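Novice: Input structure: input.tsv, which contains TSV, C-alpha atoms.
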chain	number	residue	atom	x	y	z
N	153	MET	CA	33.58	0.43	-2.91
N	154	GLU	CA	31.65	3.32	-1.46
N	155	HIS	CA	30.20	3.70	2.06
N	156	GLY	CA	31.33	0.18	2.98
N	157	VAL	CA	29.34	-1.50	0.20
N	158	LEU	CA	30.79	-3.31	-2.77
N	159	ILE	CA	28.41	-3.57	-5.74
N	160	THR	CA	29.04	-6.82	-7.56
N	161	GLU	CA	27.50	-9.17	-10.09
N	162	THR	CA	27.02	-12.72	-8.86
N	163	PRO	CA	27.42	-15.81	-11.08
N	164	HIS	CA	23.59	-15.83	-11.24
N	165	GLY	CA	23.62	-12.40	-12.91
N	166	PHE	CA	22.30	-10.51	-9.85
N	167	VAL	CA	23.83	-7.06	-9.37
N	168	CYS	CA	23.72	-6.55	-5.62
N	169	ALA	CA	25.55	-5.34	-2.55
N	170	ASN	CA	28.50	-7.38	-1.36
N	171	GLY	CA	27.88	-10.30	-3.71
N	172	GLY	CA	24.89	-11.47	-1.70
N	173	VAL	CA	27.10	-12.30	1.29
N	174	ASP	CA	25.04	-11.54	4.40
N	175	ALA	CA	25.86	-11.50	8.11
N	176	SER	CA	22.26	-10.79	9.24
N	177	ASN	CA	19.99	-13.40	10.78
N	178	VAL	CA	22.64	-16.13	10.98
N	179	GLY	CA	22.05	-17.01	14.63
N	180	PRO	CA	24.32	-16.81	17.66
N	181	GLU	CA	27.47	-16.80	15.52
N	182	SER	CA	26.47	-13.46	13.98
N	183	GLY	CA	29.63	-11.49	13.32
N	184	ASN	CA	31.67	-14.66	12.80
N	185	LEU	CA	29.44	-16.35	10.23
N	186	VAL	CA	27.86	-15.27	6.97
N	187	THR	CA	25.34	-16.77	4.56
N	188	LEU	CA	25.77	-17.01	0.83
N	189	LEU	CA	23.19	-17.09	-1.93
N	190	PRO	CA	22.23	-20.61	-3.04
N	191	VAL	CA	24.42	-21.96	-5.84
N	192	ASP	CA	21.26	-22.69	-7.87
N	193	PRO	CA	18.22	-20.86	-6.45
N	194	ASP	CA	15.92	-22.28	-9.16
N	195	ALA	CA	16.90	-25.82	-8.08
N	196	SER	CA	16.12	-24.84	-4.48
N	197	ALA	CA	12.68	-23.63	-5.60
N	198	ASP	CA	12.19	-26.87	-7.55
N	199	ARG	CA	12.98	-28.99	-4.47
N	200	ILE	CA	10.55	-27.01	-2.32
N	201	ARG	CA	7.83	-27.30	-4.97
N	202	VAL	CA	8.30	-31.09	-5.20
N	203	ALA	CA	8.23	-31.44	-1.40
N	204	VAL	CA	5.00	-29.42	-1.15
N	205	ARG	CA	3.40	-31.43	-3.97
N	206	GLU	CA	4.40	-34.76	-2.37
N	207	SER	CA	3.28	-33.67	1.11
N	208	PHE	CA	0.00	-31.95	0.25
N	209	GLY	CA	-0.97	-33.25	-3.20
N	210	THR	CA	-1.10	-29.81	-4.79
N	211	ASP	CA	1.26	-28.15	-7.23
N	212	VAL	CA	1.98	-24.56	-6.22
N	213	PRO	CA	4.48	-22.15	-7.74
N	214	VAL	CA	7.45	-21.37	-5.51
N	215	VAL	CA	9.52	-18.19	-5.27
N	216	VAL	CA	12.80	-18.11	-3.34
N	217	SER	CA	13.64	-14.54	-2.37
N	218	ASP	CA	16.23	-12.34	-0.73
N	219	SER	CA	16.36	-8.71	0.26
N	220	PHE	CA	17.91	-6.26	-2.18
N	221	GLY	CA	18.61	-2.55	-2.07
N	222	ARG	CA	17.57	-0.45	-5.03
N	223	PRO	CA	19.43	2.40	-6.70
N	224	TRP	CA	18.07	5.84	-5.88
N	225	ARG	CA	15.65	4.48	-3.24
N	226	TRP	CA	15.95	4.13	0.53
N	227	GLY	CA	15.25	0.73	2.01
N	228	ILE	CA	15.26	-2.83	0.88
N	229	THR	CA	12.63	-5.02	-0.69
N	230	ASP	CA	12.58	-8.74	-1.34
N	231	VAL	CA	13.12	-9.89	-4.91
N	232	ALA	CA	12.94	-13.32	-6.47
N	233	ILE	CA	16.26	-15.11	-6.75
N	234	GLY	CA	14.76	-18.47	-7.79
N	235	VAL	CA	11.44	-19.69	-9.18
N	236	SER	CA	9.62	-22.92	-9.94
N	237	GLY	CA	6.24	-23.37	-11.59
N	238	LEU	CA	5.76	-19.80	-12.80
N	239	MET	CA	7.09	-17.29	-15.26
N	240	PRO	CA	9.05	-14.63	-13.34
N	241	ILE	CA	7.97	-11.82	-15.67
N	242	ASP	CA	4.78	-11.04	-17.57
N	243	ASP	CA	5.46	-9.19	-20.80
N	244	LEU	CA	2.39	-7.01	-21.33
N	245	ARG	CA	3.76	-5.13	-24.33
N	246	GLY	CA	1.25	-5.20	-27.15
N	247	SER	CA	-1.70	-5.70	-24.78
N	248	PRO	CA	-4.33	-3.03	-24.20
N	249	ASP	CA	-4.39	-1.18	-20.88
N	250	ALA	CA	-7.65	-0.51	-19.01
N	251	ASP	CA	-8.39	2.37	-21.42
N	252	GLY	CA	-7.69	0.32	-24.54
N	253	ARG	CA	-4.29	1.93	-25.26
N	254	ILE	CA	-1.63	-0.53	-26.36
N	255	MET	CA	1.15	-0.88	-23.79
N	256	ARG	CA	4.58	-0.49	-25.34
N	257	SER	CA	6.99	-0.96	-22.43
N	258	THR	CA	5.18	-2.71	-19.56
N	259	ILE	CA	6.92	-5.85	-18.35
N	260	ARG	CA	5.71	-6.85	-14.87
N	261	ALA	CA	8.26	-8.35	-12.49
N	262	THR	CA	5.65	-10.81	-11.17
N	263	ALA	CA	8.01	-13.03	-9.15
N	264	ASP	CA	9.61	-9.96	-7.54
N	265	GLU	CA	6.17	-8.60	-6.64
N	266	ILE	CA	5.22	-11.93	-5.04
N	267	ALA	CA	8.54	-11.97	-3.15
N	268	SER	CA	7.94	-8.47	-1.83
N	269	ALA	CA	4.36	-9.24	-0.76
N	270	ALA	CA	5.54	-12.41	1.01
N	271	GLU	CA	8.23	-10.50	2.91
N	272	LEU	CA	5.59	-8.25	4.43
N	273	ALA	CA	3.96	-11.38	5.91
N	274	LEU	CA	7.27	-13.02	6.82
N	275	GLY	CA	8.75	-10.05	8.64
N	276	LYS	CA	12.45	-9.33	8.50
N	277	ILE	CA	13.27	-10.71	11.96
N	278	ALA	CA	10.27	-12.95	12.77
N	279	ARG	CA	12.08	-16.20	11.84
N	280	ARG	CA	9.23	-17.32	9.56
N	281	PRO	CA	10.75	-19.29	6.66
N	282	ALA	CA	7.78	-19.30	4.28
N	283	ALA	CA	4.60	-17.44	3.39
N	284	ILE	CA	1.61	-18.18	1.18
N	285	VAL	CA	0.64	-15.38	-1.19
N	286	ARG	CA	-2.94	-15.76	-2.35
N	287	GLY	CA	-4.58	-14.05	-5.29
N	288	ALA	CA	-1.41	-13.21	-7.23
N	289	ARG	CA	-2.28	-15.46	-10.21
N	290	PRO	CA	1.15	-15.53	-11.88
N	291	THR	CA	1.50	-17.03	-15.33
N	292	ARG	CA	2.22	-20.70	-14.71
N	293	GLY	CA	5.14	-22.31	-16.54
N	294	GLU	CA	8.64	-23.59	-16.11
N	295	GLY	CA	10.36	-20.21	-16.02
N	296	ARG	CA	13.80	-19.62	-14.57
N	297	ILE	CA	15.09	-16.57	-12.74
N	298	ALA	CA	17.49	-15.94	-15.65
N	299	ASP	CA	14.36	-14.97	-17.63
N	300	ALA	CA	14.12	-11.87	-15.40
N	301	ILE	CA	17.76	-10.77	-15.82
N	302	MET	CA	18.06	-7.89	-18.27
N	303	PRO	CA	20.41	-8.66	-21.17
N	304	ARG	CA	23.61	-6.61	-21.16
N	305	GLU	CA	22.67	-4.78	-24.36
N	306	PHE	CA	19.80	-3.11	-22.45
N	307	ASP	CA	21.95	-2.19	-19.43
N	308	LEU	CA	21.86	1.57	-18.88
N	309	PHE	CA	24.94	1.45	-16.61
N	310	PRO	CA	27.56	-0.72	-18.35
As a first step, turn the structure in this file into structure tokens.

Specialist:
Amino acid sequence: MEHGVLITETPHGFVCANGGVDASNVGPESGNLVTLLPVDPDASADRIRVAVRESFGTDVPVVVSDSFGRPWRWGITDVAIGVSGLMPIDDLRGSPDADGRIMRSTIRATADEIASAAELALGKIARRPAAIVRGARPTRGEGRIADAIMPREFDLFP
């Protein structure tokens, strides 16, 4: 524990501050009440996707997000903690870049990028629960957020 922050790994595999326990934006009981991460954020995304499909007759991908700090960077950004209807990463290795060079290490964190774009529209304290991100064109599929968690053997900080 350093500077009042405990870096932990949640059962989901997220390495984050204070185990995802948050006292911000919890309403009038702030200071006496905290929120926890969903037990199964992918299932939460699935339920939202089904509700949207049943209500509006269209199948849209859903990203459930939360704010995360990043090592060696000031500030927070939203990242995906659950997905439904899309692949959370796009592995571009082996594809040519705009100049025709073969990319060897590019793996886009598509769901995280969508989460971050949505947070700009949501606003941290505006009490807006959802945003529509147009034009992102993620790879559709039945991905899970675990697909975006780096395997331990690639961890640079074991």

Novice: Just checking: using all atoms listed in the file, which residue out of N:Ile241, N:Ala195, N:Ile297, N:Ala232 ends up closest to Ala270 (chain N)?

Specialist: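 Residue with the minimum atom-to-atom distance to Ala270 (chain N): N:Ala232.
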
Novice: Kindly provide, as a list in words, the polymer residues lying within 8 Å of (11.5, -22.1, 0.1), counting only C-alpha atoms and using the coordinates exactly as they appear in the file.

Specialist: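 Residues satisfying the cut-off, written out: Ser196, Ala197, Ile200, Val214, Val215, Val216, Pro281 and Ala282 of chain N.
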
Novice: Can you tell me, as an MDAnalysis selection string, which residues sit within 12 Å of (13.4, -11.8, -0.1) in the file's frame, using only C-alpha atoms?

Specialist: chainID N and resid 172 189 215:221 228:234 263:276 280:283

Novice: So the first atom is CA of Met239 (chain N) and the second is CA of Thr262 (chain N); what is the distance between them in Å, to one decimal place?

Specialist: 7.8 Å

Novice: Pick from N:Phe306, N:Arg253, N:Ile301, N:Arg205: nearest to Glu161 (chain N), with only C-alpha atoms counted?

Specialist: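 Result for the nearest residue to Glu161 (chain N): N:Ile301.
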
Novice: Work out how far apart CA of Val178 (chain N) and CA of Phe208 (chain N) are and give it in Å to one decimal.

Specialist: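 Separating CA of Val178 (chain N) from CA of Phe208 (chain N) is a distance of 29.6 Å.
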
Novice: My list of candidates is N:Ile277, N:Ala175, N:Leu244, N:Val235. Which is closest to Ala300 (chain N) when distances are computed with all atoms listed in the file?

Specialist: N:Val235

Novice: From the set N:Asp299, N:Asp192, N:Glu206, N:Glu181, which residue has the shortest atom-to-atom contact distance to Asp242 (chain N), counting only C-alpha atoms?

Specialist: N:Asp299

Novice: Could you tell me how far CA of Asn170 (chain N) sits from CA of Pro223 (chain N), in Å to one decimal place?

Specialist: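 Calculated distance between CA of Pro223 (chain N) and CA of Asn170 (chain N) is 14.4 Å.
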
Novice: Hey, which of N:Arg286, N:Arg304, N:Asp198, N:Val157 ends up closest to Leu238 (chain N)? Count all atoms listed in the file.

Specialist: N:Asp198

Novice: Counting only C-alpha atoms, which of N:Asp307, N:Ala169, N:Val186, N:Pro193 gets nearest to Ser236 (chain N)?

Specialist: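 Checking each of N:Asp307, N:Ala169, N:Val186, N:Pro193 against Ser236 (chain N), counting only C-alpha atoms, the winner is N:Pro193.
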
Novice: How big is the axis-aligned box around the listed atoms of region 169-179 of chain N once 3 Å is added on each side, and where is its centre? Give both in Å to one decimal, as AutoDock Vina command-line options.

Specialist:
--center_x 24.2 --center_y -11.2 --center_z 5.5 --size_x 14.5 --size_y 17.7 --size_z 24.3

Novice: Can you pull out every residue within 10 Å of Gly237 (chain N), counting only C-alpha atoms, but drop anything in the same chain fewer than 6 positions away, and send it as a list in words?

Specialist: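 The filter keeps Ala197, Asp198, Arg201, Asp211, Val212, Pro213, Val214, Val215, Pro290, Thr291, Arg292, Gly293, Glu294, Gly295 and Arg296 of chain N.
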